[in-house]
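Following: one structure in structure tokens, then a few remarks.
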2 protein chains.
Amino acid sequence: MKIMVDSSRSPHARLRPVCVSDVTLTDSFWAPRIETNRAVTIPSQHAHLETTGRVDNFRRASGRKVGLGFQGDWFFNDSDVYKWLEAASWELACRPDPELDTLCDAVIDEIAAAQQPDGYLNTYFMFEREKERWTNTRDLHEMYCAGHFIQAAVAHFRATDKKSALEIAIKLADHIDRQFPTEKPCACGHEECELALIELYRVTSEQKYLLLAQRMIDARGQKPALCGGGRYWQDHQPFVEQKEVTGHAVRMLYLCSGATDVVLETGNAAYRAALDAIFENFVTRRIYVTGGAGSRYEGEAFGSDWELTSERAYTETCAAIGSVMWCWRMLLLTGEAKFADLIEHTLYNAVLPGLSESGREYFYQNPLADRGTHRRQEWFGCACCPPNVARLLAQLPGYFAATDDSGKIYLTLYAQGEIRVGNTKIKITSEYPWDGKLTLEAVGDAPALMLRIPGWAAHTGPPITGGGGGSSGGATDGWREVPLIDGKATLTLDLAMEPRRIVAEGRALALRGQVALARGPLIYCVEQVDHEKADAWDLTLPDDAPLTLEKKPGWVALRARGLAQKSGVLYTSPDPGGQTLTPTPITAIPYFAWANRTPGPMTVWLQRSPG
Amino acid sequence: MKIMVDSSRSPHARLRPVCVSDVTLTDSFWAPRIETNRAVTIPSQHAHLETTGRVDNFRRASGRKVGLGFQGDWFFNDSDVYKWLEAASWELACRPDPELDTLCDAVIDEIAAAQQPDGYLNTYFMFEREKERWTNTRDLHEMYCAGHFIQAAVAHFRATDKKSALEIAIKLADHIDRQFPTEKPCACGHEECELALIELYRVTSEQKYLLLAQRMIDARGQKPALCGGGRYWQDHQPFVEQKEVTGHAVRMLYLCSGATDVVLETGNAAYRAALDAIFENFVTRRIYVTGGAGSRYEGEAFGSDWELTSERAYTETCAAIGSVMWCWRMLLLTGEAKFADLIEHTLYNAVLPGLSESGREYFYQNPLADRGTHRRQEWFGCACCPPNVARLLAQLPGYFAATDDSGKIYLTLYAQGEIRVGNTKIKITSEYPWDGKLTLEAVGDAPALMLRIPGWAAHTGPPITGGGGGSSGGATDGWREVPLIDGKATLTLDLAMEPRRIVAEGRALALRGQVALARGPLIYCVEQVDHEKADAWDLTLPDDAPLTLEKKPGWVALRARGLAQKSGVLYTSPDPGGQTLTPTPITAIPYFAWANRTPGPMTVWLQRSPG
């Protein structure tokens, strides 16, 4: 089963996943990006893994290559290879690719040869560093690397039915289980292994992996501290007492993903209560308007409540991916559409900006304002983000639908394409996300379609015409149910996509007096290249200026009359005479597309004027 | 001569300093604070130096105490002792204090005993660490510590006429001069020694110290880099090519202080041009409205242009002191009143907040907004700020006046008290900074008084009544000249102190839509303790709300009708229905006084509503 988070048999799952291969996108937005991921991103990343010595590290560990030192800047470089393998595996799940299949086999062969007889696997802690193994699970990321390998191996097995990687993963997980038994628990400094172990449990039905994962989560915040005791590592309190997203953003969100997996399998109520509190803190106080997570460069970390500055937003691409991973698990657990809403929002506005149009360059940080110096890079010494984007895009079709035990099909994301669940086939025709109109034709046994009505469209009238139930279908928690009558439903869903303004509450100090623009699922920004006569940071949007659409190649832009404000004096009297306002047309483009043209100032938030 | 920056004989100085002891403050603002500094701060700091082992480190180095390891967290702990000695020396300059005098002698004796036969002095690099001496001038702060000792020794000599410390300093400086000759220059990672060496040159007339200082400045930004090559150390470019305040804020401002000293002595035009450009960048793009310097926790550093977030402002107390030090030298160099304006502003609003009312607790960082958790501490592992505040307060009278070669007396700061320069005596009666009215009686030979008209009062009409020249005296660059007629002048200077609003230009993204309040030289803030019915961060000030005064014990508060805005939803539509506005009176207090009462939210910048 080519399933990315397999809640098929999870006792506490409200929704069941579909196979990644059950969804075929044929739209003009995601389908070309998925193709670029296959044709450009994944091959070019493999080339980076080779040229930077990341694969050679395995050859060195196995003795196939001698005379080398450990290659690369970081002791966790193995994880980049594993994430790439996961990306390639999901790619194989969606369409056959003998060349890529062979390449995966070759990489797995190198990994297998590097594994130690006792199951240990980490190319950094070899030879003279062997004695350092498992001496510092807080900082040295052995568990993190192991988790990424296990996750990749599960993906490879599910995608290809081959057991080559899975067998390595089982040996590795068994080694970890022996290393950290109940009486000697491990709180890993970079969470990841927890969720991976639960996926391994789902594949193998070996409960010890689930227990090990839960043990690792329960080991956090104990006194004496096993993991430093700090917020950075989410180790300041036991997990079940935590109420905030805190510390290193990626770690926090991976932790929550693993904890949600525990709830899916065990129903643990204390975990569930903590997850609900943490999610509430995340979305009401610490999330960027883009869906980005993590305010601080120091520690790549979440900030305080309402700490949401634009230019120094850290909003790591990996953290946005962590948010998608967590929300997907929360969606499977609860069936609540709000999690699908946030997945969609984060994909478009916090993950996708991390990748260039070419598919070859990446952002590590995704600021919401910039002076033109922050540009995507081909690779990083710490290259966590590139393969993370690749694996998400490769598995993306799997996020578009889910089912429940009654057989209803939930349309969790929208795009033109085809979804096949059991013997039910749904054909979707749309220009989404550029147009909110979707035509759906469903044929099959499924009792009903569950259509997500995104929060931004919730205010519009009954958006469904035609279909088995038509507009009479009741809305529940963001879902609109449309039954199939005589095994059929043909309908049009029309989600209102008028451009809209967003403001932040006053406690978000750095966002006061500002307005952001959005349309459908997309957040917009202004870039210098569209504004000849004024600095993009000087643009001011009157509250009463209408927003109009302008179709451009690659996106729909928003246009408005605006003002350019520039005083040139940092602090002045508010006397209006002190500032010059010049009428200037404003053009906003989708934020995901920024930094693909001439460098210059950019900002998501515009100065707001009362009109 | 009890002079703190001795430009008396500097060929390029426009102004000449007065002795610290030439000014006696009798006001209700500074005089009690100077007394607290003498009676509480300096003694309590000496106790900390002893209990934390900082003086013991000298005893250990000299062999007077054995069996100890190096005490404290930091290799630059010696500098705290030196800054304390400087504070105590200026205190002795202003009034005799036999007990303190004896204590200084004892501390100097410990230092003398710790000095090595070759002049080397640093208690960290002793015994097993001796071989590390001068191996890393970028990170290990030997030069920084040496600079603070030399500065303290010069102060002690000037204050007491004793040569005990000065002789150590000369031996130390000679050692450094031998260590780093012309062919092997040193770019120190933490600037400080440069300005100290120039003060030593002024005391000894030994030109080699001036040359050494200039060599150290010229060694920055060379290729190959001597000091890391990074902005953090102001080593990314030669100093003369630098145009921005960048990197570690304290280091940047100490560097500029030393470079200004070079210009005072040599007239170096390239240095002067760099200083002018850097100052322009500082005050038009990177300074907080409080005068605070340094936006980032990462690297305790200046941020980008317009990066001026409130809650995460770093604005280290030491950086504010560095700004005062630099501006004072620029004032001596140029005679321009804008530097005195900034000194005054920074003293009240960026240095003074670093000290509690009790004189026993300190801020390291001075945020412009807080939720109630940031409180002053009695001491720090890195205790740079406490003795820095103490030495500034001890020398504060010296900042109140200067002269020029024609004998005119410049009143650079204002407070009630007496200034004696040569045979001219000026008596000032005032409630400044609570009231802008100053009555001056001058008697003596000086040809004229030069009264500073602060920028915030510049818009008011002729503020002088009476006096030799009366209001007919011409204003030049912020100075108003009042001649003494028949050796006398009696006049009233009335500086308008109506409360005023300040806004930032739109490019300061984090300050958009906000307004700060000020009166006279003071910046205000709102604290939770004055607002029962609304969170201080929810307060909104209508543009048309009048500001009224309310006298409270310790300060004059500002009052206005306001609104409390709270939506409880992070991102919403700007539809006014989405937000609740409740009328709430607003009370603002001087920012320097914050965090002396019940903890709670505080903010300098208030949300602004069009009224």
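Just remember, in the structure tokens the first chain shown is A, the second B, etc., residues are 1-based per chain, and ligands are 1-based in the order shown.
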
Contact table chain B vs chain A, cut-off 9 Å, shortest pair per residue, only C-alpha atoms, as a tab-separated table:
```
residue	atom	partner	partner_atom	distance
B:Val283	CA	A:Leu570	CA	7.8
B:Thr284	CA	A:Leu570	CA	5.3
B:Arg285	CA	A:Leu570	CA	6.4
B:Arg286	CA	A:Leu570	CA	8.8
B:Ile287	CA	A:Leu570	CA	8.7
B:Val289	CA	A:Tyr571	CA	7.2
B:Tyr297	CA	A:Glu298	CA	7.4
B:Glu298	CA	A:Glu298	CA	6.0
B:Trp306	CA	A:Leu570	CA	8.2
B:Glu307	CA	A:Glu311	CA	7.8
B:Thr309	CA	A:Ala510	CA	6.7
B:Ser310	CA	A:Leu509	CA	7.7
B:Glu311	CA	A:Glu307	CA	7.8
B:Arg312	CA	A:Glu307	CA	8.4
B:Ala369	CA	A:Leu509	CA	8.8
B:Arg500	CA	A:Ser573	CA	7.7
B:Arg501	CA	A:Ser573	CA	6.0
B:Ile502	CA	A:Ser573	CA	4.9
B:Val503	CA	A:Thr572	CA	5.5
B:Ala504	CA	A:Tyr571	CA	4.5
B:Glu505	CA	A:Leu570	CA	5.3
B:Gly506	CA	A:Asp538	CA	6.2
B:Arg507	CA	A:Trp537	CA	5.7
B:Ala508	CA	A:Leu570	CA	7.8
B:Leu509	CA	A:Ala510	CA	6.9
B:Ala510	CA	A:Ala510	CA	3.9
B:Leu511	CA	A:Ala510	CA	6.4
B:Arg512	CA	A:Gly513	CA	5.5
B:Gly513	CA	A:Gly513	CA	3.8
B:Gln514	CA	A:Arg512	CA	7.0
B:Val515	CA	A:Pro574	CA	8.1
B:Trp537	CA	A:Arg507	CA	5.7
B:Asp538	CA	A:Gly506	CA	6.2
B:Leu539	CA	A:Gly506	CA	8.5
B:Thr540	CA	A:Gly506	CA	8.7
B:Asp543	CA	A:Pro574	CA	8.5
B:Gln565	CA	A:Gly506	CA	7.0
B:Lys566	CA	A:Glu505	CA	7.0
B:Ser567	CA	A:Glu505	CA	6.2
B:Gly568	CA	A:Glu505	CA	7.2
B:Val569	CA	A:Thr284	CA	6.3
B:Leu570	CA	A:Glu505	CA	5.3
B:Tyr571	CA	A:Ala504	CA	4.5
B:Thr572	CA	A:Val503	CA	5.5
B:Ser573	CA	A:Ile502	CA	4.9
B:Pro574	CA	A:Val503	CA	5.6
B:Gln579	CA	A:Glu505	CA	8.4
B:Trp605	CA	A:Leu509	CA	8.5
B:Leu606	CA	A:Leu509	CA	8.9
B:Gln607	CA	A:Arg512	CA	6.8
B:Arg608	CA	A:Gly513	CA	7.8
B:Ser609	CA	A:Gly513	CA	8.8
B:Pro610	CA	A:Pro610	CA	7.5
```

Can you write out the residues you just picked, keeping C-alpha atoms, as a compact mmCIF listing (two decimals), in the first residue's frame?
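This is the output file again_22.txt:
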```txt
# COMPACT_ATOMS: atom_id res chain seq x y z
CA VAL B 283 20.88 57.90 13.62
CA THR B 284 18.82 57.67 10.44
CA ARG B 285 18.39 53.89 10.18
CA ARG B 286 19.55 51.84 13.16
CA ILE B 287 18.87 53.69 16.39
CA VAL B 289 13.62 55.81 19.60
CA TYR B 297 20.16 38.94 20.29
CA GLU B 298 22.32 37.00 17.81
CA TRP B 306 15.20 49.94 9.87
CA GLU B 307 15.33 46.70 11.85
CA THR B 309 11.60 45.55 16.67
CA SER B 310 10.44 46.36 20.15
CA GLU B 311 10.14 43.22 22.25
CA ARG B 312 13.32 41.64 20.94
CA ALA B 369 8.13 46.11 24.90
CA ARG B 500 4.72 65.22 21.93
CA ARG B 501 4.02 62.30 19.65
CA ILE B 502 6.67 60.52 17.61
CA VAL B 503 6.11 58.23 14.64
CA ALA B 504 8.64 56.24 12.64
CA GLU B 505 8.95 56.25 8.89
CA GLY B 506 7.20 53.34 7.18
CA ARG B 507 10.39 51.51 6.33
CA ALA B 508 10.75 50.69 10.01
CA LEU B 509 8.34 47.83 9.39
CA ALA B 510 7.90 46.87 13.02
CA LEU B 511 6.93 50.42 14.01
CA ARG B 512 4.25 51.08 11.42
CA GLY B 513 0.91 52.26 12.70
CA GLN B 514 2.36 53.14 16.07
CA VAL B 515 3.10 56.24 18.09
CA TRP B 537 -0.39 45.91 24.66
CA ASP B 538 -4.02 46.44 23.66
CA LEU B 539 -3.98 50.18 24.26
CA THR B 540 -4.63 52.39 21.27
CA ASP B 543 -4.34 60.87 17.07
CA GLN B 565 -8.39 46.93 21.28
CA LYS B 566 -8.61 43.20 21.59
CA SER B 567 -9.82 40.77 19.04
CA GLY B 568 -8.37 37.53 20.40
CA VAL B 569 -7.98 36.35 16.81
CA LEU B 570 -4.51 36.61 15.33
CA TYR B 571 -5.46 37.31 11.71
CA THR B 572 -8.80 38.77 10.74
CA SER B 573 -10.51 40.89 8.15
CA PRO B 574 -10.01 44.62 8.68
CA GLN B 579 -12.52 44.21 16.67
CA TRP B 605 5.08 52.18 21.06
CA LEU B 606 1.31 52.42 21.25
CA GLN B 607 -1.08 51.38 18.53
CA ARG B 608 -2.19 54.54 16.78
CA SER B 609 -5.72 55.17 15.67
CA PRO B 610 -6.63 57.95 13.27
```

Within 10 Å of Leu255 of chain A, counting only C-alpha atoms, which residues show up once you throw out same-chain ones fewer than 4 positions away? Write them as a PyMOL selection string, please.
chain A and resi 190-195+217+233-234+239+249-251+259-261+322+326

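Those residues of segment 176-228 of chain A that DSSP, working from the backbone, places in helix (DSSP H, G or I) are Ile176, Asp177, Arg178, Gln179, Cys193, Glu194, Leu195, Ala196, Leu197, Ile198, Glu199, Leu200, Tyr201, Arg202, Val203, Thr204, Gln207, Lys208, Tyr209, Leu210, Leu211, Leu212, Ala213, Gln214, Arg215, Met216, Ile217 and Asp218 of chain A.
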
Polymer residues at most 12 Å from Thr135 of chain B, only C-alpha atoms, same-chain spacing of 6 or more positions, as an NGL selection string:
:B and (125 or 129 or 141-143 or 179 or 186 or 188 or 226-227)

How would the residues just picked look written out with N, CA, C and O atoms as an mmCIF file, in the first residue's frame?
```cif
data_model
loop_
_atom_site.group_PDB
_atom_site.id
_atom_site.type_symbol
_atom_site.label_atom_id
_atom_site.label_comp_id
_atom_site.auth_asym_id
_atom_site.auth_seq_id
_atom_site.Cartn_x
_atom_site.Cartn_y
_atom_site.Cartn_z
ATOM 1 N N PHE B 125 45.073 34.084 31.681
ATOM 2 C CA PHE B 125 46.139 33.418 30.930
ATOM 3 C C PHE B 125 47.368 33.217 31.808
ATOM 4 O O PHE B 125 48.449 33.715 31.522
ATOM 5 N N ARG B 129 47.579 28.144 31.238
ATOM 6 C CA ARG B 129 47.074 28.870 30.064
ATOM 7 C C ARG B 129 48.072 29.931 29.563
ATOM 8 O O ARG B 129 47.767 30.669 28.631
ATOM 9 N N HIS B 141 39.882 38.461 24.153
ATOM 10 C CA HIS B 141 39.648 39.687 24.927
ATOM 11 C C HIS B 141 40.808 40.134 25.811
ATOM 12 O O HIS B 141 40.590 40.895 26.753
ATOM 13 N N GLU B 142 42.041 39.685 25.526
ATOM 14 C CA GLU B 142 43.164 40.180 26.325
ATOM 15 C C GLU B 142 43.344 41.688 26.125
ATOM 16 O O GLU B 142 43.601 42.434 27.052
ATOM 17 N N MET B 143 43.196 42.106 24.856
ATOM 18 C CA MET B 143 43.388 43.509 24.534
ATOM 19 C C MET B 143 42.255 44.350 25.142
ATOM 20 O O MET B 143 42.478 45.470 25.606
ATOM 21 N N GLN B 179 54.761 43.676 21.708
ATOM 22 C CA GLN B 179 54.133 42.460 21.174
ATOM 23 C C GLN B 179 53.607 42.668 19.753
ATOM 24 O O GLN B 179 53.614 41.764 18.939
ATOM 25 N N CYS B 186 47.895 44.262 15.295
ATOM 26 C CA CYS B 186 46.841 43.492 15.940
ATOM 27 C C CYS B 186 45.490 44.160 15.685
ATOM 28 O O CYS B 186 45.319 45.358 15.899
ATOM 29 N N CYS B 188 42.086 43.790 17.306
ATOM 30 C CA CYS B 188 41.461 43.130 18.449
ATOM 31 C C CYS B 188 39.981 42.888 18.182
ATOM 32 O O CYS B 188 39.284 43.745 17.644
ATOM 33 N N LEU B 226 43.070 39.759 9.862
ATOM 34 C CA LEU B 226 43.743 39.519 11.131
ATOM 35 C C LEU B 226 42.730 39.155 12.202
ATOM 36 O O LEU B 226 43.070 38.662 13.254
ATOM 37 N N CYS B 227 41.471 39.419 11.929
ATOM 38 C CA CYS B 227 40.478 39.328 12.994
ATOM 39 C C CYS B 227 39.195 38.648 12.517
ATOM 40 O O CYS B 227 38.100 39.086 12.825
#
```

Just the number, please: distance in Å from atom CA of Cys525 of chain A to atom CA of Ala350 of chain A, one decimal.
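A separation of 12.8 Å between them.
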
So what do you get for atom CA of Ala13 of chain A versus atom CA of Leu275 of chain A, distance-wise?
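We find that atom CA of Ala13 of chain A and atom CA of Leu275 of chain A lie 15.1 Å from each other.
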
With only C-alpha atoms as the counted atoms, please give the residues lying no more than 9 Å from segment 354-361 of chain B, apart from itself and same-chain residues fewer than 3 positions off, as a ChimeraX atom specification.
/B:33,36-37,40-41,44-45,316-318,350-351,364-366,375-379,385-386,389,592-596

Would you kindly return, as a ChimeraX atom specification, each protein, DNA or RNA residue with an atom no farther than 10 Å from any atom of Ala31 of chain A, considering only C-alpha atoms and excluding same-chain residues fewer than 2 positions away?
/A:24-29,33-37,393,396-397,415-417

For the residues in that selection, give me N, CA and C atoms as a CSV table (one decimal), in the first residue's frame.
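As written to disk, part37.csv reads:
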```csv
chain,number,residue,atom,x,y,z
A,24,THR,N,-4.0,11.4,-9.3
A,24,THR,CA,-3.2,11.8,-10.4
A,24,THR,C,-3.6,13.3,-10.7
A,25,LEU,N,-2.7,14.2,-10.5
A,25,LEU,CA,-3.0,15.6,-10.8
A,25,LEU,C,-2.7,15.9,-12.2
A,26,THR,N,-3.6,16.7,-12.8
A,26,THR,CA,-3.4,17.1,-14.2
A,26,THR,C,-3.5,18.6,-14.3
A,27,ASP,N,-3.3,19.3,-13.2
A,27,ASP,CA,-3.6,20.7,-13.2
A,27,ASP,C,-2.4,21.5,-13.7
A,28,SER,N,-2.6,22.8,-13.9
A,28,SER,CA,-1.5,23.6,-14.4
A,28,SER,C,-0.6,24.1,-13.2
A,29,PHE,N,-1.0,23.9,-12.0
A,29,PHE,CA,-0.2,24.4,-10.9
A,29,PHE,C,0.7,23.3,-10.3
A,33,ARG,N,4.9,21.2,-11.3
A,33,ARG,CA,5.9,21.3,-10.2
A,33,ARG,C,6.3,19.9,-9.8
A,34,ILE,N,5.3,18.9,-9.8
A,34,ILE,CA,5.7,17.6,-9.4
A,34,ILE,C,6.6,17.0,-10.5
A,35,GLU,N,6.3,17.4,-11.7
A,35,GLU,CA,7.2,16.9,-12.8
A,35,GLU,C,8.6,17.5,-12.7
A,36,THR,N,8.6,18.8,-12.4
A,36,THR,CA,10.0,19.4,-12.2
A,36,THR,C,10.7,18.7,-11.0
A,37,ASN,N,10.0,18.3,-10.0
A,37,ASN,CA,10.6,17.6,-8.9
A,37,ASN,C,11.2,16.3,-9.4
A,393,LEU,N,6.9,17.1,-2.1
A,393,LEU,CA,6.3,17.2,-3.5
A,393,LEU,C,6.1,15.8,-4.1
A,396,LEU,N,3.0,14.5,-2.6
A,396,LEU,CA,1.9,15.4,-2.5
A,396,LEU,C,0.5,14.9,-2.9
A,397,PRO,N,0.4,14.0,-4.0
A,397,PRO,CA,-0.9,13.5,-4.4
A,397,PRO,C,-1.6,12.9,-3.2
A,415,ALA,N,-7.4,20.3,-6.8
A,415,ALA,CA,-6.7,20.6,-8.0
A,415,ALA,C,-7.3,19.8,-9.1
A,416,GLN,N,-7.1,20.2,-10.3
A,416,GLN,CA,-7.6,19.3,-11.4
A,416,GLN,C,-6.9,18.0,-11.4
A,417,GLY,N,-7.6,16.9,-11.6
A,417,GLY,CA,-7.0,15.6,-11.6
A,417,GLY,C,-8.0,14.5,-11.4
```

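Distances from A:Leu15, A:Val482, A:Ala588, A:Ala169 to Lys551 of chain A were compared using only C-alpha atoms, and the smallest one belongs to A:Ala588.
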
Residue contacts of Asp161 of chain B (12 Å, only C-alpha atoms) excluding same-chain residues fewer than 3 positions away, as a list of chain:residue names:
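Once the nearby chain positions are removed, what remains is B:Met1, B:Lys2, B:Ser89, B:Leu92, B:Ala93, B:Asp101, B:Ala153, B:Val154, B:Ala155, B:His156, B:Phe157, B:Arg158, B:Ser164, B:Ala165, B:Leu166, B:Glu167, B:Val203.
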
Take the residues that were just selected and, keeping C-alpha atoms, output them as a tab-separated table (two decimals), in the first residue's frame.
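Now in selection.tsv:
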```
chain	number	residue	atom	x	y	z
B	1	MET	CA	43.28	67.47	35.83
B	2	LYS	CA	40.19	65.45	36.62
B	89	SER	CA	38.22	56.77	40.70
B	92	LEU	CA	37.08	60.08	44.26
B	93	ALA	CA	37.52	62.88	41.74
B	101	ASP	CA	40.49	55.62	48.36
B	153	ALA	CA	44.49	53.70	35.50
B	154	VAL	CA	44.29	56.99	33.63
B	155	ALA	CA	41.12	57.83	35.56
B	156	HIS	CA	42.73	56.92	38.87
B	157	PHE	CA	45.77	59.05	38.12
B	158	ARG	CA	43.70	62.02	37.02
B	164	SER	CA	50.29	53.41	41.32
B	165	ALA	CA	47.83	52.26	38.65
B	166	LEU	CA	49.31	54.40	35.89
B	167	GLU	CA	52.70	52.73	36.25
B	203	VAL	CA	48.60	61.58	30.07
```

Please provide the set of residues having any atom within 10 Å of Ser8 of chain A, restricted to only C-alpha atoms, with same-chain residues fewer than 3 positions apart removed, written as an MDAnalysis selection string.
chainID A and resid 1 3 5 11 13:18 202 332 403:405

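In terms of minimum interatomic distance to Leu522 of chain A, A:Asp341 ranks closest within A:Asp370, A:Asp341, A:Glu50, A:Asp544, counting only C-alpha atoms.
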
DSSP-assigned strand (DSSP E or B) among segment 345-524 of chain B, expressed as a PyMOL selection string
chain B and resi 355+362+369-370+377+401-403+409-411+417-421+424-430+437-443+448-452+464-466+475-476+479-483+485+488-494+500-504+514-519+522-524

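Candidate residues A:Asn281, A:Gly294, A:Arg329, A:Ala219 were compared for distance to Ser257 of chain A, and the nearest is A:Arg329, using only C-alpha atoms.
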
One decimal, Å: what's the distance from atom CA of Cys256 of chain B over to atom CA of Ser21 of chain B, could you say?
26.6 Å

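Using only C-alpha atoms for every distance, the candidate list B:Leu392, B:Glu527, B:Gly554, B:Pro585 yields B:Pro585 as the residue closest to Pro542 of chain B.
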